[in-house]
Structure formats: structure tokens, C-alpha cells
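> Coordinates in run05.pdb, PDB, C-alpha atoms, pLDDT in the B column, are listed below.
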```pdb
ATOM      1  CA  MET A  11       0.000   0.000   0.000  1.00 69.00           C
ATOM      2  CA  ILE A  12       2.824   2.411   0.911  1.00 77.00           C
ATOM      3  CA  ILE A  13       4.602   1.577  -2.348  1.00 81.00           C
ATOM      4  CA  PHE A  14       1.378   2.134  -4.341  1.00 79.00           C
ATOM      5  CA  VAL A  15       0.656   5.499  -2.705  1.00 80.00           C
ATOM      6  CA  ASP A  16       4.248   6.764  -2.803  1.00 84.00           C
ATOM      7  CA  PHE A  17       4.815   5.675  -6.387  1.00 87.00           C
ATOM      8  CA  PHE A  18       1.678   7.244  -7.827  1.00 85.00           C
ATOM      9  CA  ARG A  19       2.071  10.420  -5.779  1.00 85.00           C
ATOM     10  CA  ALA A  20       5.636  10.858  -6.911  1.00 88.00           C
ATOM     11  CA  ILE A  21       5.278  10.104 -10.606  1.00 90.00           C
ATOM     12  CA  PRO A  22       4.126  13.071 -12.741  1.00 92.00           C
ATOM     13  CA  PRO A  23       0.579  12.522 -14.021  1.00 91.00           C
ATOM     14  CA  LEU A  24       1.626  13.470 -17.553  1.00 92.00           C
ATOM     15  CA  VAL A  25       4.309  10.778 -17.628  1.00 92.00           C
ATOM     16  CA  LEU A  26       1.867   8.257 -16.192  1.00 91.00           C
ATOM     17  CA  LEU A  27      -0.723   9.194 -18.817  1.00 92.00           C
ATOM     18  CA  ILE A  28       1.738   8.856 -21.680  1.00 92.00           C
ATOM     19  CA  PHE A  29       2.994   5.565 -20.264  1.00 91.00           C
ATOM     20  CA  VAL A  30      -0.543   4.159 -19.999  1.00 90.00           C
ATOM     21  CA  TYR A  31      -1.619   5.417 -23.417  1.00 91.00           C
ATOM     22  CA  ALA A  32       1.548   4.849 -25.454  1.00 90.00           C
ATOM     23  CA  GLY A  33       3.351   2.227 -23.394  1.00 88.00           C
ATOM     24  CA  LEU A  34       0.690  -0.372 -22.665  1.00 86.00           C
ATOM     25  CA  PRO A  35       0.046  -1.173 -26.361  1.00 85.00           C
ATOM     26  CA  PHE A  36       3.586  -2.599 -26.444  1.00 87.00           C
ATOM     27  CA  ALA A  37       2.468  -5.013 -23.732  1.00 83.00           C
ATOM     28  CA  GLY A  38      -0.500  -6.026 -25.881  1.00 81.00           C
ATOM     29  CA  LEU A  39      -3.059  -3.812 -24.125  1.00 81.00           C
ATOM     30  CA  ARG A  40      -4.588  -1.433 -26.654  1.00 82.00           C
ATOM     31  CA  ILE A  41      -6.875   1.023 -24.922  1.00 85.00           C
ATOM     32  CA  SER A  42      -8.878   4.046 -26.007  1.00 87.00           C
ATOM     33  CA  PRO A  43      -7.702   7.566 -25.055  1.00 89.00           C
ATOM     34  CA  PHE A  44     -10.605   7.952 -22.643  1.00 90.00           C
ATOM     35  CA  THR A  45      -9.811   4.721 -20.816  1.00 89.00           C
ATOM     36  CA  ALA A  46      -6.123   5.663 -20.670  1.00 90.00           C
ATOM     37  CA  VAL A  47      -6.940   9.082 -19.212  1.00 91.00           C
ATOM     38  CA  ALA A  48      -9.431   7.656 -16.720  1.00 90.00           C
ATOM     39  CA  PHE A  49      -7.045   4.915 -15.608  1.00 88.00           C
ATOM     40  CA  ALA A  50      -3.968   7.143 -15.301  1.00 91.00           C
ATOM     41  CA  PHE A  51      -5.821   9.862 -13.397  1.00 91.00           C
ATOM     42  CA  LEU A  52      -7.547   7.276 -11.246  1.00 89.00           C
ATOM     43  CA  LEU A  53      -4.211   5.809 -10.159  1.00 89.00           C
ATOM     44  CA  ASN A  54      -2.786   9.265  -9.520  1.00 90.00           C
ATOM     45  CA  ASN A  55      -5.781  10.562  -7.618  1.00 90.00           C
ATOM     46  CA  SER A  56      -6.439   7.418  -5.610  1.00 88.00           C
ATOM     47  CA  ALA A  57      -3.001   7.904  -4.104  1.00 88.00           C
ATOM     48  CA  TYR A  58      -3.724  11.533  -3.181  1.00 90.00           C
ATOM     49  CA  TYR A  59      -7.219  10.812  -1.880  1.00 90.00           C
ATOM     50  CA  GLY A  60      -5.763   7.845   0.017  1.00 88.00           C
ATOM     51  CA  GLU A  61      -3.318  10.084   1.838  1.00 89.00           C
ATOM     52  CA  ILE A  62      -6.098  12.519   2.685  1.00 91.00           C
ATOM     53  CA  PHE A  63      -8.213   9.691   4.100  1.00 89.00           C
ATOM     54  CA  ARG A  64      -5.199   8.408   6.050  1.00 88.00           C
ATOM     55  CA  ALA A  65      -4.785  11.827   7.674  1.00 90.00           C
ATOM     56  CA  GLY A  66      -8.500  11.875   8.481  1.00 90.00           C
ATOM     57  CA  ILE A  67      -8.521   8.383   9.968  1.00 89.00           C
ATOM     58  CA  GLN A  68      -5.446   9.132  12.067  1.00 89.00           C
ATOM     59  CA  SER A  69      -7.050  12.323  13.363  1.00 90.00           C
ATOM     60  CA  ILE A  70      -9.760  10.255  15.067  1.00 89.00           C
ATOM     61  CA  GLY A  71      -8.724   9.156  18.531  1.00 87.00           C
ATOM     62  CA  PHE A  72      -8.224   5.444  19.092  1.00 86.00           C
ATOM     63  CA  GLY A  73     -10.770   5.638  21.909  1.00 90.00           C
ATOM     64  CA  GLN A  74     -13.513   6.007  19.291  1.00 89.00           C
ATOM     65  CA  SER A  75     -12.626   2.645  17.755  1.00 87.00           C
ATOM     66  CA  GLU A  76     -12.297   1.011  21.163  1.00 90.00           C
ATOM     67  CA  ALA A  77     -15.670   2.366  22.243  1.00 92.00           C
ATOM     68  CA  ALA A  78     -17.271   1.151  19.006  1.00 89.00           C
ATOM     69  CA  ARG A  79     -15.692  -2.304  19.347  1.00 90.00           C
ATOM     70  CA  SER A  80     -16.873  -2.517  22.954  1.00 91.00           C
ATOM     71  CA  THR A  81     -20.468  -2.095  21.771  1.00 91.00           C
ATOM     72  CA  GLY A  82     -20.113  -5.214  19.604  1.00 89.00           C
ATOM     73  CA  LEU A  83     -19.294  -3.690  16.209  1.00 88.00           C
ATOM     74  CA  ASN A  84     -16.732  -5.574  14.153  1.00 86.00           C
ATOM     75  CA  ALA A  85     -13.695  -3.890  12.522  1.00 83.00           C
ATOM     76  CA  SER A  86     -15.378  -2.983   9.243  1.00 80.00           C
ATOM     77  CA  GLN A  87     -18.546  -1.737  10.975  1.00 84.00           C
ATOM     78  CA  THR A  88     -16.395   0.372  13.295  1.00 87.00           C
ATOM     79  CA  MET A  89     -14.633   1.869  10.286  1.00 84.00           C
ATOM     80  CA  THR A  90     -17.842   2.419   8.294  1.00 83.00           C
ATOM     81  CA  TYR A  91     -20.158   3.759  11.006  1.00 87.00           C
ATOM     82  CA  VAL A  92     -17.819   5.411  13.502  1.00 89.00           C
ATOM     83  CA  VAL A  93     -14.382   6.333  12.158  1.00 88.00           C
ATOM     84  CA  LEU A  94     -14.990   7.198   8.492  1.00 87.00           C
ATOM     85  CA  PRO A  95     -17.901   9.642   9.004  1.00 88.00           C
ATOM     86  CA  GLN A  96     -15.834  11.656  11.492  1.00 90.00           C
ATOM     87  CA  ALA A  97     -12.661  11.353   9.436  1.00 89.00           C
ATOM     88  CA  THR A  98     -14.410  12.475   6.262  1.00 87.00           C
ATOM     89  CA  ARG A  99     -15.829  15.529   8.033  1.00 87.00           C
ATOM     90  CA  ASN A 100     -12.362  16.473   9.247  1.00 87.00           C
ATOM     91  CA  VAL A 101     -10.757  16.217   5.796  1.00 89.00           C
ATOM     92  CA  LEU A 102     -13.644  17.581   3.724  1.00 88.00           C
ATOM     93  CA  PRO A 103     -11.762  20.787   2.749  1.00 89.00           C
ATOM     94  CA  ASP A 104      -8.797  18.726   1.542  1.00 90.00           C
ATOM     95  CA  LEU A 105     -11.043  16.356  -0.394  1.00 90.00           C
ATOM     96  CA  ILE A 106     -12.754  19.257  -2.159  1.00 90.00           C
ATOM     97  CA  SER A 107      -9.401  20.935  -2.760  1.00 91.00           C
ATOM     98  CA  ASN A 108      -8.046  17.770  -4.368  1.00 91.00           C
ATOM     99  CA  THR A 109     -11.219  17.470  -6.445  1.00 91.00           C
ATOM    100  CA  VAL A 110     -10.570  20.969  -7.807  1.00 92.00           C
ATOM    101  CA  GLU A 111      -7.074  19.803  -8.740  1.00 91.00           C
ATOM    102  CA  VAL A 112      -8.530  16.757 -10.507  1.00 91.00           C
ATOM    103  CA  VAL A 113     -10.845  18.916 -12.584  1.00 92.00           C
ATOM    104  CA  LYS A 114      -7.912  21.107 -13.624  1.00 91.00           C
ATOM    105  CA  LEU A 115      -5.809  18.015 -14.254  1.00 90.00           C
ATOM    106  CA  THR A 116      -8.248  16.851 -16.937  1.00 90.00           C
ATOM    107  CA  SER A 117      -6.715  19.452 -19.237  1.00 89.00           C
ATOM    108  CA  LEU A 118      -3.717  17.092 -19.574  1.00 90.00           C
ATOM    109  CA  ALA A 119      -5.987  14.721 -21.500  1.00 90.00           C
ATOM    110  CA  SER A 120      -5.439  16.892 -24.573  1.00 88.00           C
ATOM    111  CA  VAL A 121      -1.977  15.301 -24.798  1.00 88.00           C
ATOM    112  CA  VAL A 122      -3.503  12.002 -25.924  1.00 88.00           C
ATOM    113  CA  SER A 123      -5.879  13.740 -28.366  1.00 84.00           C
ATOM    114  CA  LEU A 124      -8.932  13.259 -26.198  1.00 86.00           C
ATOM    115  CA  GLY A 125     -11.416  15.921 -27.197  1.00 86.00           C
ATOM    116  CA  GLU A 126     -11.867  17.570 -23.827  1.00 88.00           C
ATOM    117  CA  MET A 127     -12.341  21.282 -23.246  1.00 91.00           C
ATOM    118  CA  LEU A 128      -8.738  22.490 -23.596  1.00 91.00           C
ATOM    119  CA  TYR A 129      -8.193  20.308 -26.653  1.00 91.00           C
ATOM    120  CA  ALA A 130     -11.312  21.802 -28.257  1.00 92.00           C
ATOM    121  CA  ALA A 131     -10.100  25.305 -27.398  1.00 92.00           C
ATOM    122  CA  ASP A 132      -6.653  24.613 -28.783  1.00 91.00           C
ATOM    123  CA  MET A 133      -8.155  23.330 -32.020  1.00 92.00           C
ATOM    124  CA  ALA A 134     -10.345  26.430 -32.214  1.00 92.00           C
ATOM    125  CA  ARG A 135      -7.309  28.614 -31.532  1.00 91.00           C
ATOM    126  CA  SER A 136      -5.374  27.039 -34.377  1.00 92.00           C
ATOM    127  CA  ILE A 137      -8.315  27.534 -36.745  1.00 91.00           C
ATOM    128  CA  THR A 138      -9.113  31.128 -35.796  1.00 90.00           C
ATOM    129  CA  TYR A 139      -5.483  32.261 -35.164  1.00 91.00           C
ATOM    130  CA  ASN A 140      -6.839  33.825 -32.002  1.00 90.00           C
ATOM    131  CA  ALA A 141      -6.248  32.926 -28.342  1.00 91.00           C
ATOM    132  CA  SER A 142      -9.738  33.943 -27.223  1.00 92.00           C
ATOM    133  CA  PRO A 143     -11.013  30.318 -27.049  1.00 93.00           C
ATOM    134  CA  LEU A 144      -8.351  29.586 -24.419  1.00 93.00           C
ATOM    135  CA  VAL A 145      -9.532  32.578 -22.388  1.00 94.00           C
ATOM    136  CA  LEU A 146     -13.109  31.312 -22.743  1.00 93.00           C
ATOM    137  CA  VAL A 147     -12.050  27.910 -21.373  1.00 94.00           C
ATOM    138  CA  ALA A 148     -10.246  29.625 -18.495  1.00 94.00           C
ATOM    139  CA  LEU A 149     -13.439  31.535 -17.720  1.00 94.00           C
ATOM    140  CA  ILE A 150     -15.494  28.312 -17.796  1.00 93.00           C
ATOM    141  CA  TYR A 151     -13.017  26.626 -15.414  1.00 93.00           C
ATOM    142  CA  LEU A 152     -13.135  29.708 -13.184  1.00 94.00           C
ATOM    143  CA  ALA A 153     -16.934  29.767 -13.143  1.00 94.00           C
ATOM    144  CA  ALA A 154     -17.098  26.053 -12.359  1.00 91.00           C
ATOM    145  CA  LEU A 155     -14.362  25.915  -9.733  1.00 92.00           C
ATOM    146  CA  TRP A 156     -14.657  29.237  -7.926  1.00 93.00           C
ATOM    147  CA  PRO A 157     -17.745  28.132  -5.924  1.00 91.00           C
ATOM    148  CA  LEU A 158     -15.854  24.992  -4.900  1.00 89.00           C
ATOM    149  CA  VAL A 159     -12.872  27.058  -3.772  1.00 89.00           C
ATOM    150  CA  ARG A 160     -15.193  29.257  -1.712  1.00 90.00           C
ATOM    151  CA  LEU A 161     -16.746  26.102  -0.252  1.00 87.00           C
ATOM    152  CA  VAL A 162     -13.292  24.925   0.841  1.00 86.00           C
ATOM    153  CA  SER A 163     -12.725  28.224   2.649  1.00 86.00           C
ATOM    154  CA  HIS A 164     -16.146  27.953   4.270  1.00 86.00           C
ATOM    155  CA  PHE A 165     -15.459  24.407   5.541  1.00 83.00           C
ATOM    156  CA  GLU A 166     -11.987  25.399   6.749  1.00 81.00           C
ATOM    157  CA  ARG A 167     -13.501  28.228   8.810  1.00 83.00           C
ATOM    158  CA  ARG A 168     -16.201  25.914  10.191  1.00 81.00           C
ATOM    159  CA  ILE A 169     -13.725  23.233  11.191  1.00 76.00           C
ATOM    160  CA  ALA A 170     -11.367  25.802  12.750  1.00 72.00           C
ATOM    161  CA  HIS A 171     -14.113  27.066  15.117  1.00 69.00           C
TER
ATOM    162  CA  MET B 189      -3.523  47.254 -25.689  1.00 81.00           C
ATOM    163  CA  ASP B 190      -6.048  46.930 -28.526  1.00 82.00           C
ATOM    164  CA  LYS B 191      -3.990  44.098 -29.995  1.00 85.00           C
ATOM    165  CA  LEU B 192      -4.039  42.301 -26.654  1.00 86.00           C
ATOM    166  CA  ILE B 193      -7.808  42.633 -26.342  1.00 87.00           C
ATOM    167  CA  GLU B 194      -8.295  41.561 -29.951  1.00 86.00           C
ATOM    168  CA  GLN B 195      -6.038  38.537 -29.500  1.00 86.00           C
ATOM    169  CA  PHE B 196      -7.303  37.308 -26.118  1.00 88.00           C
ATOM    170  CA  PHE B 197     -10.763  38.768 -25.505  1.00 90.00           C
ATOM    171  CA  ASP B 198     -12.461  38.734 -28.911  1.00 88.00           C
ATOM    172  CA  VAL B 199     -16.102  38.137 -27.992  1.00 90.00           C
ATOM    173  CA  GLU B 200     -17.110  37.288 -31.576  1.00 90.00           C
ATOM    174  CA  VAL B 201     -14.541  34.498 -31.716  1.00 91.00           C
ATOM    175  CA  MET B 202     -15.637  33.265 -28.294  1.00 92.00           C
ATOM    176  CA  ILE B 203     -19.261  33.081 -29.399  1.00 93.00           C
ATOM    177  CA  ALA B 204     -18.302  31.372 -32.659  1.00 92.00           C
ATOM    178  CA  VAL B 205     -16.309  28.615 -30.918  1.00 92.00           C
ATOM    179  CA  LEU B 206     -18.692  28.178 -27.987  1.00 92.00           C
ATOM    180  CA  PRO B 207     -20.429  25.022 -29.397  1.00 92.00           C
ATOM    181  CA  THR B 208     -17.057  23.317 -29.869  1.00 91.00           C
ATOM    182  CA  ILE B 209     -15.995  24.254 -26.357  1.00 93.00           C
ATOM    183  CA  ILE B 210     -19.297  23.015 -24.915  1.00 92.00           C
ATOM    184  CA  GLN B 211     -18.765  19.697 -26.681  1.00 91.00           C
ATOM    185  CA  GLY B 212     -15.322  19.503 -25.083  1.00 91.00           C
ATOM    186  CA  MET B 213     -16.843  20.395 -21.743  1.00 92.00           C
ATOM    187  CA  TRP B 214     -19.013  17.267 -21.854  1.00 92.00           C
ATOM    188  CA  MET B 215     -15.889  15.174 -22.282  1.00 91.00           C
ATOM    189  CA  THR B 216     -14.233  16.977 -19.367  1.00 91.00           C
ATOM    190  CA  LEU B 217     -17.322  16.291 -17.248  1.00 92.00           C
ATOM    191  CA  ALA B 218     -17.270  12.628 -18.329  1.00 91.00           C
ATOM    192  CA  ILE B 219     -13.640  12.282 -17.215  1.00 91.00           C
ATOM    193  CA  CYS B 220     -14.458  13.936 -13.886  1.00 91.00           C
ATOM    194  CA  ALA B 221     -17.549  11.758 -13.447  1.00 90.00           C
ATOM    195  CA  VAL B 222     -15.403   8.632 -13.794  1.00 88.00           C
ATOM    196  CA  VAL B 223     -12.220   9.723 -12.037  1.00 89.00           C
ATOM    197  CA  ILE B 224     -13.530  11.584  -8.980  1.00 89.00           C
ATOM    198  CA  PRO B 225     -16.054   9.073  -7.548  1.00 88.00           C
ATOM    199  CA  MET B 226     -13.881   6.064  -8.365  1.00 86.00           C
ATOM    200  CA  GLY B 227     -10.815   7.811  -6.945  1.00 85.00           C
ATOM    201  CA  LEU B 228     -12.679   8.662  -3.753  1.00 85.00           C
ATOM    202  CA  PHE B 229     -14.161   5.230  -3.212  1.00 82.00           C
ATOM    203  CA  GLY B 230     -10.979   3.485  -4.319  1.00 77.00           C
ATOM    204  CA  ALA B 231      -8.916   5.548  -1.891  1.00 79.00           C
ATOM    205  CA  CYS B 232     -11.431   4.974   0.884  1.00 77.00           C
ATOM    206  CA  ASP B 233     -11.285   1.211   0.250  1.00 73.00           C
ATOM    207  CA  LEU B 234      -7.521   1.415   0.059  1.00 69.00           C
ATOM    208  CA  ARG B 235      -7.187   3.115   3.429  1.00 69.00           C
ATOM    209  CA  CYS B 236      -9.739   0.952   5.200  1.00 70.00           C
ATOM    210  CA  SER B 237      -8.040  -2.261   4.115  1.00 65.00           C
ATOM    211  CA  HIS B 238      -4.642  -3.216   5.458  1.00 58.00           C
ATOM    212  CA  SER B 239      -3.569  -5.806   2.931  1.00 54.00           C
ATOM    213  CA  ASP B 240      -1.586  -5.192  -0.245  1.00 54.00           C
ATOM    214  CA  GLY B 241      -3.498  -8.039  -1.892  1.00 56.00           C
ATOM    215  CA  VAL B 242      -6.746  -6.200  -1.245  1.00 56.00           C
ATOM    216  CA  VAL B 243      -5.281  -2.999  -2.679  1.00 57.00           C
ATOM    217  CA  TRP B 244      -4.335  -4.653  -5.945  1.00 60.00           C
ATOM    218  CA  TRP B 245      -7.650  -6.471  -6.058  1.00 61.00           C
ATOM    219  CA  ILE B 246      -9.349  -3.052  -5.789  1.00 59.00           C
ATOM    220  CA  VAL B 247      -7.168  -1.671  -8.577  1.00 61.00           C
ATOM    221  CA  CYS B 248      -7.983  -4.627 -10.841  1.00 62.00           C
ATOM    222  CA  ARG B 249     -11.675  -4.510  -9.973  1.00 63.00           C
ATOM    223  CA  THR B 250     -11.834  -0.772 -10.652  1.00 61.00           C
ATOM    224  CA  TRP B 251      -9.977  -1.218 -13.914  1.00 61.00           C
ATOM    225  CA  TYR B 252     -12.283  -4.030 -15.008  1.00 62.00           C
ATOM    226  CA  ALA B 253     -15.443  -2.184 -13.995  1.00 63.00           C
ATOM    227  CA  LYS B 254     -14.357   0.948 -15.810  1.00 59.00           C
ATOM    228  CA  GLN B 255     -13.217  -0.902 -18.867  1.00 58.00           C
ATOM    229  CA  THR B 256     -16.478  -2.768 -19.223  1.00 58.00           C
ATOM    230  CA  SER B 257     -19.044  -0.183 -18.246  1.00 60.00           C
ATOM    231  CA  LEU B 258     -18.418   3.534 -17.965  1.00 56.00           C
ATOM    232  CA  ALA B 259     -15.495   3.904 -20.331  1.00 57.00           C
ATOM    233  CA  ALA B 260     -17.101   1.716 -22.949  1.00 57.00           C
ATOM    234  CA  LEU B 261     -20.282   3.756 -22.671  1.00 55.00           C
ATOM    235  CA  VAL B 262     -18.457   7.044 -23.034  1.00 57.00           C
ATOM    236  CA  ASP B 263     -16.326   5.674 -25.872  1.00 58.00           C
ATOM    237  CA  ASP B 264     -19.464   4.692 -27.740  1.00 57.00           C
ATOM    238  CA  TYR B 265     -21.298   7.952 -27.316  1.00 55.00           C
ATOM    239  CA  LEU B 266     -18.679  10.682 -27.042  1.00 54.00           C
ATOM    240  CA  CYS B 267     -15.534   9.512 -28.802  1.00 51.00           C
TER
END
```
Spell out the structure here as C-alpha cells.

Amino acid sequence: MIIFVDFFRAIPPLVLLIFVYAGLPFAGLRISPFTAVAFAFLLNNSAYYGEIFRAGIQSIGFGQSEAARSTGLNASQTMTYVVLPQATRNVLPDLISNTVEVVKLTSLASVVSLGEMLYAADMARSITYNASPLVLVALIYLAALWPLVRLVSHFERRIAH
Amino acid sequence: MDKLIEQFFDVEVMIAVLPTIIQGMWMTLAICAVVIPMGLFGACDLRCSHSDGVVWWIVCRTWYAKQTSLAALVDDYLC
């Protein structure tokens, strides 16, 4: 688990994406650009989300687990009903923050010719000889992500008090 | 200054390319819809289990599920 998390946190997502998309066909696995993007980003983000959850789980005192176990809950019930709800609440700002990063990370998908928003804007830019489509995409990202960023600040304030 | 505005903030160009950008936005949303929930649940599974075997089983299961369902669906309709 440590190797999985450390490896996928350390490796640049772009390199991972190119490896999955262009490298796996040499091993006989031919996959579509969408699957390659989803798989590469999933590996990358699972590692980050995993670390966030680890911090959350460790922030819950061991007494909580002991109290839950003493009431007759087994290990997985203790985790599901007692530890995880509290842990998730504690790390909610970080989870949302990482989600914002994931949304911005999707722009890397243009590298493997997947027709996502930045790729479409870049194509439009090359046709119109004008950088306005890129600004439009930036505005769309801003409009979509700004409320989430505000939400992170709101949760941070709530948890701090 | 006019050149800058013309090159980066040309509203006519923005309106003209909006349908293309919107089409790209659906793909971006599709990627997010696959990556974010699966990343969250995968990571949650990963942290709640303490065995490397379980971790790799989750990775394989996620890969298989994605390959067969969501990705295939998106490939068919968007790509």
C-alpha cells in the first residue's frame, strides 16, 4: 500500500498518462484515449485521496474505535459507522481541494488527443489564429471551480471554530 | 492594448467557438464523473483495508469495472 501510494504520488501525471496510453500497447493492451486518461488519473488521484483519508482516519482518537468495538461492532462496521464519518468531516476541505485539482488536471488529456475542453479550445485557436477560445475555457473553469474554492474556505472556517 | 484585447478577448470568436468548447466540456465532465467518484471510493477502500493483496484487487476490480461499463459507454457515445 505504501509503495502504491508513494509511487503514484511521486510520478508526474503526464508521464503516467503517456505511459498508460503509449506504453501499454507494447504489452498487448490497446486502450482508447478515454480509458487511458481515466485509468492514469484514477491511479494518480487514488493515491492523493488515500493520503487525505489516512490523515483523516489518524485524526480520530483510538478511543472512538475502542468504544465502538466494545459495543459489539466488528472492525469494518467500526470503520464504516464510527471512524470514516468523522474522518471524512475532518478532511472535507482537503477532499474538495483535491477534487478541484482533478478537474484542472483533466486538461492534460489533450496530450492524448482526447477531445476535452482544452483540446477543443486549442483546435479552435489554431483555426481562428486567435487565443480567445483559451480565455473562454479559463473563464469556464473559473466559473465552475470558484464556488468549490469558496466552499473549501467555508469548511476550513467551520472546522477551525 | 487593442492588440491584446483583440487577441485574447475577442467576444465574436468566443461566441463562434462556444459550441465546440461546450462539446469539449461534456468530455471533461465525463472524465471527472469517472475519475472523482472512483478515486474517492478506491482511496477509501484502500485506506480501510490493510492488505496489499486487497489494494491490488481493488485496482484490478476498478480497472475491469471501468473498462467494461463507464469507459465503454463514453467511448461509444462521445468519442
> I'd like to know which of A:Pro43, A:Pro22, A:Gly82, A:Pro143 is closest to Gly125 in chain A, using all atoms listed in the file.
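Selected residue with least distance to Gly125 in chain A: A:Pro43.
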> Report, in Å with one decimal, the straight-line distance from CA of Asn100 in chain A to CA of Ser69 in chain A.
7.9 Å
> Give one line per residue of chain A that approaches chain B to at most 9 Å, naming the two atoms of the closest pair and their distance in Å to one decimal, counting only C-alpha atoms; sort by chain then ascending residue number and deliver it as CSV.

```
residue,atom,partner,partner_atom,distance
A:Met11,CA,B:Asp240,CA,5.4
A:Ile12,CA,B:Asp240,CA,8.9
A:Phe14,CA,B:Val243,CA,8.6
A:Ile41,CA,B:Gln255,CA,9.0
A:Ser42,CA,B:Asp263,CA,7.6
A:Pro43,CA,B:Asp263,CA,8.9
A:Phe44,CA,B:Ala259,CA,6.8
A:Thr45,CA,B:Ala259,CA,5.8
A:Val47,CA,B:Ile219,CA,7.7
A:Ala48,CA,B:Val223,CA,5.8
A:Phe49,CA,B:Trp251,CA,7.0
A:Phe51,CA,B:Val223,CA,6.5
A:Leu52,CA,B:Val223,CA,5.3
A:Leu53,CA,B:Gly227,CA,7.6
A:Asn54,CA,B:Gly227,CA,8.6
A:Asn55,CA,B:Gly227,CA,5.8
A:Ser56,CA,B:Gly227,CA,4.6
A:Ala57,CA,B:Ala231,CA,6.7
A:Tyr58,CA,B:Ala231,CA,8.0
A:Tyr59,CA,B:Ala231,CA,5.5
A:Gly60,CA,B:Ala231,CA,4.3
A:Glu61,CA,B:Ala231,CA,8.1
A:Ile62,CA,B:Ala231,CA,8.8
A:Phe63,CA,B:Cys232,CA,6.6
A:Arg64,CA,B:Arg235,CA,6.2
A:Ile67,CA,B:Arg235,CA,8.5
A:Ser86,CA,B:Cys236,CA,8.0
A:Met89,CA,B:Cys236,CA,7.1
A:Thr90,CA,B:Cys236,CA,8.8
A:Leu94,CA,B:Cys232,CA,8.7
A:Leu105,CA,B:Leu228,CA,8.6
A:Thr109,CA,B:Ile224,CA,6.8
A:Val112,CA,B:Ile224,CA,7.4
A:Val113,CA,B:Cys220,CA,6.3
A:Thr116,CA,B:Thr216,CA,6.5
A:Ser117,CA,B:Thr216,CA,7.9
A:Ala119,CA,B:Thr216,CA,8.8
A:Leu124,CA,B:Cys267,CA,8.0
A:Gly125,CA,B:Gly212,CA,5.7
A:Glu126,CA,B:Gly212,CA,4.2
A:Met127,CA,B:Gly212,CA,3.9
A:Leu128,CA,B:Gly212,CA,7.4
A:Tyr129,CA,B:Gly212,CA,7.3
A:Ala130,CA,B:Gly212,CA,5.6
A:Ala131,CA,B:Ile209,CA,6.1
A:Ala134,CA,B:Val205,CA,6.5
A:Thr138,CA,B:Val201,CA,7.6
A:Tyr139,CA,B:Gln195,CA,8.5
A:Asn140,CA,B:Gln195,CA,5.4
A:Ala141,CA,B:Phe196,CA,5.0
A:Ser142,CA,B:Phe196,CA,4.3
A:Pro143,CA,B:Met202,CA,5.6
A:Leu144,CA,B:Phe196,CA,8.0
A:Val145,CA,B:Phe196,CA,6.4
A:Leu146,CA,B:Met202,CA,6.4
A:Val147,CA,B:Ile209,CA,7.3
A:Ile150,CA,B:Met213,CA,8.9
```
> Please write the residues picked by the PyMOL selection byres ((chain A and resi 26) around 10) on this file as an MDAnalysis selection string.
chainID A and resid 18 21:25 27:33 46:47 49:51 53:54
> Report, in Å to a single decimal, how far apart CA of Ile13 in chain A and CA of Asn108 in chain A are.
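Separation between CA of Asn108 in chain A and CA of Ile13 in chain A: 20.6 Å.
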> Tell me, in Å to one decimal, how far CA of Tyr151 in chain A is from CA of Arg135 in chain A.
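Taking CA of Tyr151 in chain A as the start and CA of Arg135 in chain A as the end point, the length is 17.2 Å.
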> How would you write, as a compact mmCIF listing (two decimals) with C-alpha atoms, in the coordinates of the input, the residues chosen by the PyMOL selection byres ((chain A and resi 157-168) around 9) on this structure?

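Full text of expr.txt as output:
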```txt
# COMPACT_ATOMS: atom_id res chain seq x y z
CA LEU A 102 -13.64 17.58 3.72
CA PRO A 103 -11.76 20.79 2.75
CA ASP A 104 -8.80 18.73 1.54
CA LEU A 105 -11.04 16.36 -0.39
CA ILE A 106 -12.75 19.26 -2.16
CA SER A 107 -9.40 20.94 -2.76
CA THR A 109 -11.22 17.47 -6.44
CA VAL A 110 -10.57 20.97 -7.81
CA LEU A 152 -13.14 29.71 -13.18
CA ALA A 153 -16.93 29.77 -13.14
CA ALA A 154 -17.10 26.05 -12.36
CA LEU A 155 -14.36 25.92 -9.73
CA TRP A 156 -14.66 29.24 -7.93
CA ILE A 169 -13.72 23.23 11.19
CA ALA A 170 -11.37 25.80 12.75
CA HIS A 171 -14.11 27.07 15.12
```
